[in-house]
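What follows is one structure encoded as structure tokens, with my remarks underneath.
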Amino acid sequence: MREILIVGGGYAGFYTAWGLQKKLRPGEAQVTVVDPRPYMTYQPFLPEVAAGSVEARHAVVSLRRHLRGTRLVSGTVTRISNADRAVTVRPVHGDAYELRYDILVVTAGAVTRTFPIPGLAQRAIGLKHVEEAVAIRDRLMTAFDQAASLPAGSERQKLLTVTFVGGGFSGVEGFGELLSLATAMLRSYPELSIEDLSFHLVEARGRILPEVSDKPGAWVVRHLERRGARVHLNTQLLSAEDGHVVLSDGAEYDSELIVWAAGNAANPVVHNHTDLPLDERGLLLARADLRVGTDAEPVPGVWAAGDDASVPDLASPVPGARTVPNAQHAVRQGRRLARNLVADLRGRRVRNYRHGSLGVVATLGLGRGVFQYKGIVIKGFPAWLMHRGYHVLAVPSWERKIRVLAVWLTAALTGRDLVSLASVQHPRDAFVTGGRMQNPSADRAKEGSTA
């Protein structure tokens with residue numbers, strides 16, 4: 001059998017493997033997916049995971065449950081050597097090893113783009129993985145608990161100050177959802193008021209949400225500011241040392257929670273550790289049919305899709321345009337790639353990828369949203385309903401659709417679940433502390449022997 005190796009189990013990788021599982025005949029090919037995580041993350045749900053509107057487990061799709069006929073390898077691909085038809089895999093435990101292939105599919109996805117800003121690596125958290133979304137929610141709720149026991153002052157102000165850096169969809173949706181959560185939480189904390197909250201959205205460009213036109217983008221800024229937030233446009237983060245935020249517009253303040261959502265960068269294995277052709281951005285150069293290479297010089301047996309692939313956008317009127325890295329393209333490229341792989345295996349004609357935008361929709365918090373399709377713009381509650389309707393249909397598998405919809409219906413009847421589980425991030429603390437309290441003499445003896 002031909003060995004098809006898929007690097008990455010995100011959107012594009014999952015949908016490619018899922019499609020191959022449905023279309024391949026028995027014995028036609030063996031499919032292997034390499035990914036360090038046992039699940040695909042449905043990233044549009046991460047802002048709602050951070051706000052508690054979607055359960056963390058429901059924002060991910062188990063690879064083993066849905067890719068039953070696929071070999072799954074838990075590890076990270078650290079090098080692609082197409083000259084040797086092999087990739088190097090680094091497992092969580094044990095030594096690195098090589099996997100060989102006949103056909104390679106690179107869907108490694110992008111990584112969070114960061115800059116050498118003082119304090120950023122020590123204080124900030126991203127919003128690209130479900131673990132980060134859960135931690136953001138728990139940190140905000142823990143900060144509320146701590147702030148409620150403090151008198152008014154700088155320490156309480158810092159705990160209730162939230163900073164998001166990045167005005168794209170991920171940053172704006174996460175910011176709007178967390179602002180909605182914080183405002184709702186005030187009803188459970190009579191010691192705190194709306195004046196204690198301080199939410200800052202920082203964007204280096206002169207506008208947010210570049211996927212929508214100028215007027216809807218400006219409306220979102222006004223909408224967030226009416227809700228008490230401060231939006232810093234044409235502004236960069238200069239420092240975040242010890243939680244002290246310094247912005248290029250002159251603003252300085254202390255912030256307990258700093259979320260970095262300032263865009264994506266090419267995956268390091270694609271950018272630095274492969275002999276495959278790249279474009280000027282460090283992305284894999286792909287043709288319209290998703291083969292790696294150019295029309296004149298395709299790379300035999302190598303395909304790519306998703307955020308780390310530079311694919312011609314045939315639906316764009318702009319000559320030379322490339323598809324933007326978003327979920328719409330990754331999902332549909334994965335589906336097209338599965339069909340093309342099967343067609344190629346059977347000696348049939350492959351088809352080019354072509355997909356026009358279905359419009360853009362963003363949540364700005366519970367009951368608030370914005371939608372745009374060409375010249376049509378919808379705001380507020382109807383747009384929020386459209387956001388939920390679209391994504392409950394788009395999340396893969398009926399099992400996940402039902403689970404997400406059940407959580408939303410339950411919340412509509414019973415309200416938000418305002419419980420922090422920050423302690424689960426350090427599960428052994430209670431065990432270790434309890435042991436020390438039961439046997440303090442052992443700790444004193446250990447201290448004495450150390451001295």
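Ordered as shown in the structure tokens, chains take letters A, B, and onward, while each chain numbers its residues from 1 and ligands are numbered from 1 in the order shown.
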**Message:** With only C-alpha atoms as the counted atoms, please give the residues lying no more than 10 Å from range 88-105 of chain A, apart from itself and same-chain residues fewer than 2 positions off, as a ChimeraX atom specification.
**Reply:** /A:1-8,12-13,16-17,29-36,73-82,84-86,107-108,290-292,300-305,337-338,341,345
**Prompt:** If you run DSSP on the backbone, which residues of range 154-228 of chain A are alpha helix (DSSP H), as a PyMOL selection string?
**Reply:** chain A and resi 154-159+169-185+214-226
**Exercise: Tyr42 in chain A partners within 10 Å, only C-alpha atoms, chain neighbours under 5 positions left out, as a PyMOL selection string** = chain A and resi 10-11+58-61+128-130+327+391+394-396
Let me see the file: selected residues, C-alpha atoms, as a CSV table (one decimal), in the first residue's frame.
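Okay, this is what ended up in again_35.csv:
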```
chain,number,residue,atom,x,y,z
A,10,GLY,CA,-5.5,20.7,12.8
A,11,TYR,CA,-8.3,21.9,10.5
A,58,HIS,CA,-16.6,20.4,23.3
A,59,ALA,CA,-14.2,22.8,21.5
A,60,VAL,CA,-12.0,19.9,20.5
A,61,VAL,CA,-12.6,16.9,18.3
A,128,LYS,CA,-4.6,29.7,20.0
A,129,HIS,CA,-5.1,26.5,22.1
A,130,VAL,CA,-7.9,25.3,24.3
A,327,ALA,CA,-10.8,28.4,9.2
A,391,HIS,CA,-20.4,27.6,14.0
A,394,ALA,CA,-19.5,24.1,11.0
A,395,VAL,CA,-18.0,22.2,14.0
A,396,PRO,CA,-17.2,18.7,12.7
```
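For the set A:Thr414, A:Asn234, A:Thr183, A:Ser53, the residue with the smallest atom-to-atom gap to Arg388 in chain A is A:Ser53, counting only C-alpha atoms.
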**Request:** Report as a ChimeraX atom specification: the residues of range 194-362 of chain A with a DSSP assignment of strand (DSSP E), based on the backbone of this structure.
**Result:** /A:198-202,230-232,237-239,244-247,252-254,257-260,264-265,284-285,291-293,298-304,309-310,360-362
**Prompt:** Quick one: of A:His273, A:Ala343, A:Ala286, A:His355, who's nearest to Leu314 in chain A, counting only C-alpha atoms?
**Reply:** A:His355
**Item:** 10 Å contact set for Ala121 in chain A, only C-alpha atoms, chain neighbours under 4 positions out, as a ChimeraX atom specification
**Value:** /A:114-117,125,240-241,260
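Nearest residue to Asp242 in chain A, choosing from A:Met185, A:Ala218, A:Leu358, A:Leu120 and counting only C-alpha atoms: A:Leu120.
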**Prompt:** Which one of A:Arg187, A:Arg332, A:His200, A:Lys215 sits closest to Leu233 in chain A if you count only C-alpha atoms?
**Reply:** A:His200
**Request:** Could you jot down the CA of Glu55 in chain A to CA of Tyr189 in chain A separation for me, Å, one decimal place?
**Result:**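 Here the two named atoms are 23.5 Å from each other.
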**Message:** Need to verify the contact set: Val324 in chain A, 10 Å, only C-alpha atoms, exclusion of same-chain residues closer than 4 positions in sequence. Can you return it as a PyMOL selection string?
**Reply:** chain A and resi 211+306-307+309-313+328-330
**Item:** Nearest-residue call for Arg287 in chain A, choices A:Val350, A:Val377, A:Asn272, A:Val331, using only C-alpha atoms
**Value:** A:Val350
**Request:** Find the residues around Ala143 in chain A up to 12 Å (only C-alpha atoms counted), leave out those fewer than 5 positions away in its own chain, and share them as a PyMOL selection string.
**Result:** chain A and resi 135-138+148-150+155-162+182+185+189+192+197+255-257+420+422
**Request:** Give me, please, the distance in Å between CA of Gly69 in chain A and CA of Gly19 in chain A, quoted to one decimal.
**Result:**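 About the pair CA of Gly69 in chain A and CA of Gly19 in chain A: they are 11.3 Å apart.
For Met386 in chain A, the residues within 10 Å (counting only C-alpha atoms, excluding itself and residues fewer than 6 positions away along the chain) are Val361, Ala362, Thr363, Gly369, Val370, Phe371, Ile378 and Val392 of chain A.
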**Request:** Provide the CA of Leu140 in chain A to CA of Leu178 in chain A distance in Å, to one decimal place.
**Result:** 8.4 Å
